[in-house]
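Working notes, beginning with the structure itself.
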Amino acid sequence: MARATKARTDVQTIATAVNTYRASCGALPESLEALTTQTMVSGAPCGPVLGSVPTPPTGWSAYVYTRQGDT
């Protein structure tokens, strides 16, 4: 139960970071790593919006993000 709760919290954290990135940078990030680095968008700095990608619970696979479209 604790592992599922951690995973749920991690996913909510990642989703919030993706939405913040989209609002700040004007597009969805290309990868999870893009959330943790500063990039330039139209000549202006954007990010980081997440200190680090959360580590999944013990025994679980790494979190995966796949960009699908721009919205």
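Residues are named by chain letter and number: chains run A, B, ... in the order of the structure tokens, numbers start at 1 in each chain, and ligands are numbered from 1 in the order shown.
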Contacts of Ile14 in chain A within 10 Å, only C-alpha atoms, excl. fewer than 3 positions in-chain, as a count of residues only: 17
DSSP strand (DSSP E or B) residues within chain A, as a ChimeraX atom specification: /A:39-41,44-46
Quick one: write out the picked residues with C-alpha atoms as a PDB file, in the first residue's frame?
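Wrote it out as out36.pdb, contents follow:
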```pdb
ATOM      1  CA  THR A  39      16.327  25.433 -21.718  1.00  0.00           C
ATOM      2  CA  MET A  40      15.922  28.425 -23.982  1.00  0.00           C
ATOM      3  CA  VAL A  41      12.538  28.974 -25.595  1.00  0.00           C
ATOM      4  CA  ALA A  44      14.117  33.243 -22.973  1.00  0.00           C
ATOM      5  CA  PRO A  45      15.194  30.813 -20.261  1.00  0.00           C
ATOM      6  CA  CYS A  46      12.659  28.205 -19.237  1.00  0.00           C
TER       7      CYS A  46
END
```
List every residue of chain A that DSSP, applied to the backbone of this structure, places in helix (DSSP H, G or I), and write the result as a PDB file with N, CA and C atoms, in the first residue's frame.
```pdb
ATOM      1  N   ALA A   2       1.939   1.283   0.785  1.00  0.00           N
ATOM      2  CA  ALA A   2       2.815   2.454   0.852  1.00  0.00           C
ATOM      3  C   ALA A   2       3.493   2.705  -0.490  1.00  0.00           C
ATOM      4  N   ARG A   3       3.872   1.620  -1.188  1.00  0.00           N
ATOM      5  CA  ARG A   3       4.532   1.800  -2.490  1.00  0.00           C
ATOM      6  C   ARG A   3       3.569   2.405  -3.493  1.00  0.00           C
ATOM      7  N   ALA A   4       2.320   1.971  -3.479  1.00  0.00           N
ATOM      8  CA  ALA A   4       1.327   2.533  -4.398  1.00  0.00           C
ATOM      9  C   ALA A   4       1.066   4.002  -4.083  1.00  0.00           C
ATOM     10  N   THR A   5       1.046   4.343  -2.811  1.00  0.00           N
ATOM     11  CA  THR A   5       0.840   5.730  -2.413  1.00  0.00           C
ATOM     12  C   THR A   5       2.006   6.593  -2.877  1.00  0.00           C
ATOM     13  N   LYS A   6       3.242   6.098  -2.726  1.00  0.00           N
ATOM     14  CA  LYS A   6       4.417   6.834  -3.184  1.00  0.00           C
ATOM     15  C   LYS A   6       4.347   7.038  -4.694  1.00  0.00           C
ATOM     16  N   ALA A   7       4.019   5.974  -5.421  1.00  0.00           N
ATOM     17  CA  ALA A   7       3.935   6.080  -6.882  1.00  0.00           C
ATOM     18  C   ALA A   7       2.874   7.091  -7.290  1.00  0.00           C
ATOM     19  N   ARG A   8       1.736   7.082  -6.628  1.00  0.00           N
ATOM     20  CA  ARG A   8       0.666   8.027  -6.935  1.00  0.00           C
ATOM     21  C   ARG A   8       1.136   9.464  -6.687  1.00  0.00           C
ATOM     22  N   THR A   9       1.820   9.675  -5.575  1.00  0.00           N
ATOM     23  CA  THR A   9       2.349  11.001  -5.257  1.00  0.00           C
ATOM     24  C   THR A   9       3.393  11.430  -6.281  1.00  0.00           C
ATOM     25  N   ASP A  10       4.280  10.506  -6.667  1.00  0.00           N
ATOM     26  CA  ASP A  10       5.298  10.810  -7.675  1.00  0.00           C
ATOM     27  C   ASP A  10       4.658  11.214  -8.998  1.00  0.00           C
ATOM     28  N   VAL A  11       3.656  10.479  -9.417  1.00  0.00           N
ATOM     29  CA  VAL A  11       2.999  10.774 -10.695  1.00  0.00           C
ATOM     30  C   VAL A  11       2.296  12.129 -10.638  1.00  0.00           C
ATOM     31  N   GLN A  12       1.704  12.455  -9.514  1.00  0.00           N
ATOM     32  CA  GLN A  12       1.072  13.775  -9.366  1.00  0.00           C
ATOM     33  C   GLN A  12       2.126  14.879  -9.436  1.00  0.00           C
ATOM     34  N   THR A  13       3.286  14.638  -8.833  1.00  0.00           N
ATOM     35  CA  THR A  13       4.384  15.603  -8.877  1.00  0.00           C
ATOM     36  C   THR A  13       4.857  15.808 -10.313  1.00  0.00           C
ATOM     37  N   ILE A  14       5.023  14.710 -11.040  1.00  0.00           N
ATOM     38  CA  ILE A  14       5.464  14.792 -12.434  1.00  0.00           C
ATOM     39  C   ILE A  14       4.414  15.504 -13.285  1.00  0.00           C
ATOM     40  N   ALA A  15       3.139  15.176 -13.090  1.00  0.00           N
ATOM     41  CA  ALA A  15       2.073  15.817 -13.869  1.00  0.00           C
ATOM     42  C   ALA A  15       2.030  17.318 -13.619  1.00  0.00           C
ATOM     43  N   THR A  16       2.202  17.725 -12.377  1.00  0.00           N
ATOM     44  CA  THR A  16       2.226  19.149 -12.050  1.00  0.00           C
ATOM     45  C   THR A  16       3.407  19.825 -12.738  1.00  0.00           C
ATOM     46  N   ALA A  17       4.567  19.169 -12.724  1.00  0.00           N
ATOM     47  CA  ALA A  17       5.758  19.727 -13.372  1.00  0.00           C
ATOM     48  C   ALA A  17       5.550  19.849 -14.883  1.00  0.00           C
ATOM     49  N   VAL A  18       4.935  18.857 -15.499  1.00  0.00           N
ATOM     50  CA  VAL A  18       4.662  18.911 -16.943  1.00  0.00           C
ATOM     51  C   VAL A  18       3.733  20.085 -17.252  1.00  0.00           C
ATOM     52  N   ASN A  19       2.693  20.261 -16.453  1.00  0.00           N
ATOM     53  CA  ASN A  19       1.767  21.378 -16.679  1.00  0.00           C
ATOM     54  C   ASN A  19       2.441  22.725 -16.456  1.00  0.00           C
ATOM     55  N   THR A  20       3.302  22.822 -15.447  1.00  0.00           N
ATOM     56  CA  THR A  20       4.044  24.052 -15.192  1.00  0.00           C
ATOM     57  C   THR A  20       4.988  24.348 -16.346  1.00  0.00           C
ATOM     58  N   TYR A  21       5.669  23.316 -16.833  1.00  0.00           N
ATOM     59  CA  TYR A  21       6.583  23.479 -17.968  1.00  0.00           C
ATOM     60  C   TYR A  21       5.804  23.986 -19.184  1.00  0.00           C
ATOM     61  N   ARG A  22       4.674  23.363 -19.456  1.00  0.00           N
ATOM     62  CA  ARG A  22       3.869  23.766 -20.613  1.00  0.00           C
ATOM     63  C   ARG A  22       3.413  25.218 -20.481  1.00  0.00           C
ATOM     64  N   ALA A  23       2.978  25.615 -19.295  1.00  0.00           N
ATOM     65  CA  ALA A  23       2.525  26.988 -19.076  1.00  0.00           C
ATOM     66  C   ALA A  23       3.684  27.985 -19.173  1.00  0.00           C
ATOM     67  N   SER A  24       4.841  27.600 -18.671  1.00  0.00           N
ATOM     68  CA  SER A  24       5.999  28.501 -18.656  1.00  0.00           C
ATOM     69  C   SER A  24       6.736  28.548 -19.988  1.00  0.00           C
ATOM     70  N   CYS A  25       6.825  27.398 -20.642  1.00  0.00           N
ATOM     71  CA  CYS A  25       7.656  27.279 -21.845  1.00  0.00           C
ATOM     72  C   CYS A  25       6.848  27.286 -23.137  1.00  0.00           C
ATOM     73  N   GLU A  33      13.651  14.438 -18.273  1.00  0.00           N
ATOM     74  CA  GLU A  33      14.874  15.173 -17.961  1.00  0.00           C
ATOM     75  C   GLU A  33      14.743  16.655 -18.292  1.00  0.00           C
ATOM     76  N   ALA A  34      13.928  16.985 -19.277  1.00  0.00           N
ATOM     77  CA  ALA A  34      13.718  18.386 -19.641  1.00  0.00           C
ATOM     78  C   ALA A  34      13.088  19.171 -18.489  1.00  0.00           C
ATOM     79  N   LEU A  35      12.402  18.481 -17.605  1.00  0.00           N
ATOM     80  CA  LEU A  35      11.785  19.139 -16.456  1.00  0.00           C
ATOM     81  C   LEU A  35      12.818  19.577 -15.426  1.00  0.00           C
ATOM     82  N   THR A  36      13.997  18.986 -15.480  1.00  0.00           N
ATOM     83  CA  THR A  36      15.023  19.242 -14.462  1.00  0.00           C
ATOM     84  C   THR A  36      16.150  20.137 -14.944  1.00  0.00           C
TER      85      THR A  36
END
```
Residue nearest Gly51 in chain A among A:Gly69, A:Thr37, A:Val64, A:Met1 (counting only C-alpha atoms):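 Between A:Gly69, A:Thr37, A:Val64, A:Met1, the residue approaching Gly51 in chain A most closely is A:Thr37.
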